[in-house]
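See below for the structure under consideration.
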Amino acid sequence: MKIAVITGASSGMGREFVYAVDKEYKLDEIWVIARRRERLEELKRECSTPIRILALDLTDRDSFEVYRSLLKEHRPDVELLVNNAGFGLFGTFAQMDLEEQLKSIELNVTALTALTHISIPHMKKGSKIVNLASNSSWQPVPYINVYGAGKAYVMNFSRALGVELMNNGIHVMAVAPGWIKTEFFDHAVHDDTIKYFDRFYTAEQVVKKAMKDLRKNKSVSILGLPVQMQVMLIKFLPVSLVMKIWCGQQGK
């Protein structure tokens, strides 16, 4: 049985990845993971590929064992793993709720790492892993501190893992988008700490570019020339200056 596994599939980027994979891949099933079962049920009616629903909270580490057990039971070939689940918080680190920040680390970093590790034994030559990083991966980001640090982990983890798995014929790609108008903001924004957004892209645009770059076996997918230019510029500027510019944009 050939499958794709997509986390955070109930909305936004994850949902768009399900649609794209349904159209592009010939699979026996797509395994979709998210907390909201009712939103995942909708995908059954919208996709031609059979959908297997895994209504799991990936901030709960027991969910990793549920996933591991299902792989052991069904023994599928995981042709594609998309680690999309994640959330961020905008605000001052010391003033934000600690438990919420720890949950973001569990989802953005721990769950991504765990699902990747559990999936690799079920991958063969030609399989691919897509990890959702961010434009925040490239520099420290005050007032999106924990989220940015987690996404820096995702970027470095993905690039290093890609080298480790190269001889196995398994390709790894990180997706590093700029601002995307999704439900992410419903969770992240609770005040006006972050108020400057230079430009927004849609989840559909980001996923379309990601799938194109995945076909080319790129290691990083970045949508939009302005974002690409920003990433290039950051590499040459002192970190202190990059943070000063960012804080100035936010009126800090």
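Simple scheme: letters A, B, ... for chains in structure tokens order, numbers from 1 for residues in each chain, numbers from 1 for ligands in the order shown.
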Every residue of range 20-81 of chain A that DSSP places in strand (DSSP E), as a list in words:
Glu29, Ile30, Trp31, Val32, Ile33, Ala34, Ile51, Arg52, Ile53, Leu54, Ala55, Asp77, Val78, Glu79, Leu80 and Leu81 of chain A
Would you pick out the contacts of Val82 in chain A at 10 Å or less, using only C-alpha atoms, so that residues sharing its chain but fewer than 5 positions from it are not included, and give the list as a list in words? Ala4, Val5, Ile6, Thr7, Gly8, Ala9, Gly14, Phe17, Val18, Val32, Leu112, Leu115, Thr116, Lys128, Ile129, Val130, Asn131, Leu132, Met173 and Ala174 of chain A
Give me a file of those residues, with N, CA and C atoms, as a short mmCIF file (atom, residue, chain, number, x, y, z; two decimals), in the first residue's frame.
data_model
loop_
_atom_site.label_atom_id
_atom_site.label_comp_id
_atom_site.auth_asym_id
_atom_site.auth_seq_id
_atom_site.Cartn_x
_atom_site.Cartn_y
_atom_site.Cartn_z
N ALA A 4 0.52 8.78 1.42
CA ALA A 4 1.11 10.04 1.84
C ALA A 4 0.56 10.34 3.22
N VAL A 5 1.35 11.00 4.04
CA VAL A 5 0.94 11.39 5.39
C VAL A 5 1.08 12.91 5.49
N ILE A 6 -0.01 13.57 5.88
CA ILE A 6 -0.01 15.04 5.94
C ILE A 6 -0.57 15.48 7.29
N THR A 7 0.23 16.22 8.05
CA THR A 7 -0.22 16.70 9.35
C THR A 7 -0.78 18.12 9.22
N GLY A 8 -1.59 18.50 10.20
CA GLY A 8 -2.22 19.82 10.15
C GLY A 8 -3.13 19.94 8.95
N ALA A 9 -3.80 18.84 8.61
CA ALA A 9 -4.54 18.75 7.34
C ALA A 9 -5.94 19.34 7.39
N GLY A 14 -2.03 22.77 5.22
CA GLY A 14 -2.20 21.32 5.25
C GLY A 14 -3.28 20.86 4.32
N PHE A 17 -2.15 21.08 0.78
CA PHE A 17 -1.25 19.97 0.46
C PHE A 17 -2.04 18.70 0.15
N VAL A 18 -3.11 18.46 0.89
CA VAL A 18 -3.95 17.28 0.62
C VAL A 18 -4.51 17.36 -0.79
N VAL A 32 -4.45 11.65 6.85
CA VAL A 32 -4.52 13.05 7.26
C VAL A 32 -4.59 13.12 8.78
N LEU A 112 7.17 17.13 14.76
CA LEU A 112 7.80 17.02 13.44
C LEU A 112 8.97 16.04 13.48
N LEU A 115 7.50 12.29 14.10
CA LEU A 115 6.83 11.68 12.95
C LEU A 115 7.81 11.36 11.83
N THR A 116 8.81 12.20 11.69
CA THR A 116 9.84 11.93 10.68
C THR A 116 10.60 10.65 11.04
N LYS A 128 9.72 11.10 -0.21
CA LYS A 128 10.06 12.50 0.05
C LYS A 128 9.46 12.97 1.37
N ILE A 129 10.18 13.89 2.00
CA ILE A 129 9.74 14.52 3.24
C ILE A 129 9.68 16.02 3.03
N VAL A 130 8.57 16.63 3.37
CA VAL A 130 8.41 18.08 3.29
C VAL A 130 8.15 18.60 4.70
N ASN A 131 9.00 19.52 5.15
CA ASN A 131 8.84 20.11 6.47
C ASN A 131 8.54 21.60 6.34
N LEU A 132 7.54 22.06 7.06
CA LEU A 132 7.15 23.46 7.00
C LEU A 132 8.03 24.30 7.92
N MET A 173 12.81 18.33 1.82
CA MET A 173 12.70 19.73 1.44
C MET A 173 12.02 20.52 2.54
N ALA A 174 12.56 21.70 2.85
CA ALA A 174 11.92 22.64 3.77
C ALA A 174 11.19 23.70 2.97
#
Nearest to Phe87 in chain A, restricted to only C-alpha atoms and choosing among A:Leu40, A:Ala55, A:Ala133, A:Ile120, comes out as A:Ala133
- prompt: Hey, what's within 9 Å of range 139-143 of chain A if we count only C-alpha atoms and toss same-chain stuff fewer than 2 positions away? As a ChimeraX atom specification, please?
  reply: /A:89-93,135-137,145-149,152,193-194,234-235,239,242-243,246-247
How about saving the chosen residues, C-alpha atoms kept, as a CSV table (one decimal), in the first residue's frame?
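again07.csv, freshly written:
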chain,number,residue,atom,x,y,z
A,89,LEU,CA,2.4,33.2,19.1
A,90,PHE,CA,3.0,37.0,18.7
A,91,GLY,CA,4.0,38.8,21.8
A,92,THR,CA,6.7,39.4,24.5
A,93,PHE,CA,8.2,36.1,25.7
A,135,ASN,CA,10.7,33.0,6.6
A,136,SER,CA,11.4,33.3,10.3
A,137,SER,CA,13.9,30.4,10.0
A,145,ASN,CA,10.7,34.5,19.5
A,146,VAL,CA,9.8,30.9,20.3
A,147,TYR,CA,8.1,30.3,16.9
A,148,GLY,CA,11.1,31.7,15.0
A,149,ALA,CA,13.6,29.7,17.0
A,152,ALA,CA,15.2,27.7,12.6
A,193,THR,CA,2.6,43.5,19.2
A,194,ILE,CA,3.1,42.6,15.5
A,234,ILE,CA,19.8,38.6,5.6
A,235,LYS,CA,22.8,36.4,5.0
A,239,VAL,CA,22.2,39.8,13.1
A,242,VAL,CA,18.5,42.5,11.0
A,243,MET,CA,16.7,42.5,14.4
A,246,TRP,CA,12.5,44.2,12.2
A,247,CYS,CA,11.8,45.9,15.5
Nearest to Tyr19 in chain A, restricted to only C-alpha atoms and choosing among A:Val66, A:Ile51, A:Met1, A:Ala94, comes out as A:Ile51
